[in-house]
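Engineer: Below are the structure tokens for one structure; questions will follow.
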Amino acid sequence: MPRSILAMLIALLPLGGCMQATLAPSSDAAMTARDRQLLAHPPYAQANVPEQYLRHIVDYARKEQPGTILVDTDARYLYYVLPDGKAIRYGVAVGEEAMAFSGVARIGRMAEWPDWIPTPEIQARLGPYPSRVLGGPANPLGARALYLYAGDKDTLYRIHGTNQPEYIGQAISSGCIRMRNEDVIDLYDRVKPGSMVVVLPPGRTAQFDASGARRG
């Protein structure tokens, strides 16, 4: 068998444990000059994120419309749905089950390098903490934030960057959906205000077996 054909077949094999074909890495994030400046020397250690949680274009057999965001909390993946049965898959950190959001929302607001205003509940958990943290690489919201709304009401949950990339692929105490800063910049450039966001509850998954049937 020619080596080029063999390489193509290997590339189309399911990723171990994910049961989805990894087609190709998506394009690099289009960072602004400010992004590059702020992320040139971040005040946190660079994490070695496992390969399956890096940004890839994958097959997608669910029926959400292109432009929809779907978060698979069990698998720690966020999908941005593309046309023609494809999606960009990003690794995320999600909230622990008791503190996580699930359901259908929309993006009610978008912000670059946002300030963070801890809610009273977060203040109670963290103890003495500033009432407002200015945007920047040390900010827990990271480079971008997408604010999830139900109707006209802010759900107080966000999809955002992080200053703790070592937690990508894990469930952690915060209920929000964290992404690598490079990935949230990439996602931010693709979505529009009003876009639909579907967050699957624990026990449901967007993963597919080799025949394309949804599991869970």
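Chain labels A, B, ... are given in the sequence in which chains occur in the structure tokens; within each chain residues are numbered consecutively from 1, and ligands are likewise numbered from 1 in the order shown.
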Report as a ChimeraX atom specification: the residues of region 6-215 of chain A with a DSSP assignment of strand (DSSP E or B), based on the backbone of this structure.

Structural biologist: /A:14,21-24,56-59,69-72,77-82,86-95,103-112,116,133,144-150,153-160,171-172,177-179,196-200,208,214

Engineer: Can you check which residues of region 13-201 of chain A DSSP gives as helix (DSSP H, G or I) on the backbone and send them as a VMD selection string?

Structural biologist: chain A and resid 33 to 39 51 to 53 97 to 99 120 to 126 165 to 167 181 to 188

Engineer: Pick the closest to Arg204 (chain A) from A:Gly103, A:Pro118, A:Gly175, A:Pro140: which is it, counting only C-alpha atoms?

Structural biologist: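 Counting only C-alpha atoms, the residue closest to Arg204 (chain A) is A:Gly103.
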
Engineer: Name the closest residue to Leu38 (chain A) among the candidates A:Asn181, A:Ser195, A:Thr155, A:Thr119; distances are taken between atoms, counting only C-alpha atoms.

Structural biologist: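 The closest residue to Leu38 (chain A) is A:Asn181.
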
Engineer: One number please: CA of Arg106 (chain A) to CA of Gln164 (chain A), in Å, one decimal.

Structural biologist: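 About the pair CA of Arg106 (chain A) and CA of Gln164 (chain A): they are 25.5 Å apart.
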
Engineer: Interatomic distance between CA of Gly91 (chain A) and CA of Arg76 (chain A)?

Structural biologist: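 Between CA of Gly91 (chain A) and CA of Arg76 (chain A) the gap works out to 5.9 Å.
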
Engineer: Which polymer residues have any atom within 8 Å of an atom of Gly142 (chain A), counting only C-alpha atoms, with same-chain residues fewer than 3 positions away left out, as a ChimeraX atom specification?

Structural biologist: /A:113-114,135-139,145,160-163,181

Engineer: Hey, what's within 7 Å of Lys86 (chain A) if we count only C-alpha atoms and toss same-chain stuff fewer than 4 positions away? As an MDAnalysis selection string, please?

Structural biologist: chainID A and resid 57:60 81:82

Engineer: Would you export the selected residues with N, CA, C and O atoms as a compact mmCIF listing (two decimals), in the first residue's frame, please?

Structural biologist:
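Resulting contents of part11.txt:
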```
# COMPACT_ATOMS: atom_id res chain seq x y z
N ILE A 57 -10.54 19.99 13.93
CA ILE A 57 -11.76 19.88 13.14
C ILE A 57 -12.14 18.41 13.11
O ILE A 57 -11.30 17.55 12.80
N VAL A 58 -13.39 18.10 13.46
CA VAL A 58 -13.82 16.70 13.59
C VAL A 58 -15.15 16.49 12.87
O VAL A 58 -15.88 17.45 12.55
N ASP A 59 -15.47 15.21 12.62
CA ASP A 59 -16.81 14.87 12.15
C ASP A 59 -17.83 15.18 13.25
O ASP A 59 -17.53 15.03 14.44
N TYR A 60 -19.03 15.57 12.84
CA TYR A 60 -20.07 15.95 13.81
C TYR A 60 -21.40 15.47 13.27
O TYR A 60 -21.87 15.96 12.23
N VAL A 81 -20.19 24.32 15.70
CA VAL A 81 -20.72 23.54 14.58
C VAL A 81 -20.46 24.27 13.26
O VAL A 81 -20.77 25.45 13.10
N LEU A 82 -19.90 23.52 12.32
CA LEU A 82 -19.63 24.00 10.96
C LEU A 82 -20.62 23.37 10.00
O LEU A 82 -21.32 22.41 10.34
```

Engineer: Just how far from CA of Gly108 (chain A) is CA of Pro130 (chain A), in Å to one decimal?

Structural biologist: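 These atoms are spaced 25.3 Å apart.
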
Engineer: Looking at A:Ile172, A:Ile107, A:Val184, A:Ile69, which one is nearest to Ala143 (chain A), with distances taken over only C-alpha atoms?

Structural biologist: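 Of all the options, A:Val184 lies closest to Ala143 (chain A).
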
Engineer: So that I can check the surroundings of Ile117 (chain A), please list as a list of chain:residue names every protein, DNA and RNA residue that reaches within 10 Å of it, counting only C-alpha atoms and ignoring chain neighbours fewer than 5 positions away.

Structural biologist: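 My reading of the contact set: A:Ile122, A:Gln123, A:Pro130, A:Ser131, A:Arg132, A:Val133, A:Leu134, A:Leu141.
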
Engineer: Determine the nearest neighbour of His56 (chain A) from the options A:Cys176, A:Ala33, A:Ala150, A:Leu78, counting only C-alpha atoms.

Structural biologist: A:Leu78

Engineer: Give me the residues within 9 Å of Arg190 (chain A) as number ranges by chain, counting only C-alpha atoms and dropping any in the same chain fewer than 5 places off.

Structural biologist: A: 67, 80, 185

Engineer: Given the selection you just returned, output its residues as a file containing N, CA and C atoms, formatted as a compact mmCIF listing (two decimals), in the first residue's frame.

Structural biologist:
```
# COMPACT_ATOMS: atom_id res chain seq x y z
N GLY A 67 -22.93 27.30 13.42
CA GLY A 67 -22.88 28.50 14.25
C GLY A 67 -23.29 28.25 15.69
N TYR A 80 -17.88 23.92 18.08
CA TYR A 80 -18.46 24.99 17.28
C TYR A 80 -18.87 24.35 15.96
N ILE A 185 -10.00 32.91 21.94
CA ILE A 185 -9.84 33.95 20.92
C ILE A 185 -10.32 33.43 19.58
```

Engineer: For Val49 (chain A), find every residue with an atom within 8 Å (counting only C-alpha atoms), except residues of its own chain fewer than 4 positions away, and show them as a compact mmCIF listing (two decimals) with N, CA and C atoms, in the first residue's frame.

Structural biologist:
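Heads up, here's the output in selection-v7.txt:
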```
# COMPACT_ATOMS: atom_id res chain seq x y z
N TYR A 53 -7.24 17.38 23.75
CA TYR A 53 -7.92 18.60 24.17
C TYR A 53 -7.41 19.84 23.43
N LEU A 54 -6.56 19.64 22.43
CA LEU A 54 -6.17 20.74 21.56
C LEU A 54 -7.23 20.93 20.49
N PRO A 165 -4.43 27.09 32.55
CA PRO A 165 -4.64 26.14 31.45
C PRO A 165 -4.37 24.69 31.83
N GLU A 166 -3.71 24.47 32.97
CA GLU A 166 -3.44 23.10 33.39
C GLU A 166 -4.70 22.32 33.73
N ILE A 168 -7.47 22.31 31.82
CA ILE A 168 -8.23 21.93 30.63
C ILE A 168 -8.37 20.41 30.59
```

Engineer: Taking only C-alpha atoms into account, name the residue in A:Val92, A:Pro43, A:Ala105, A:Asn48 that is nearest to Asp154 (chain A).

Structural biologist: A:Ala105
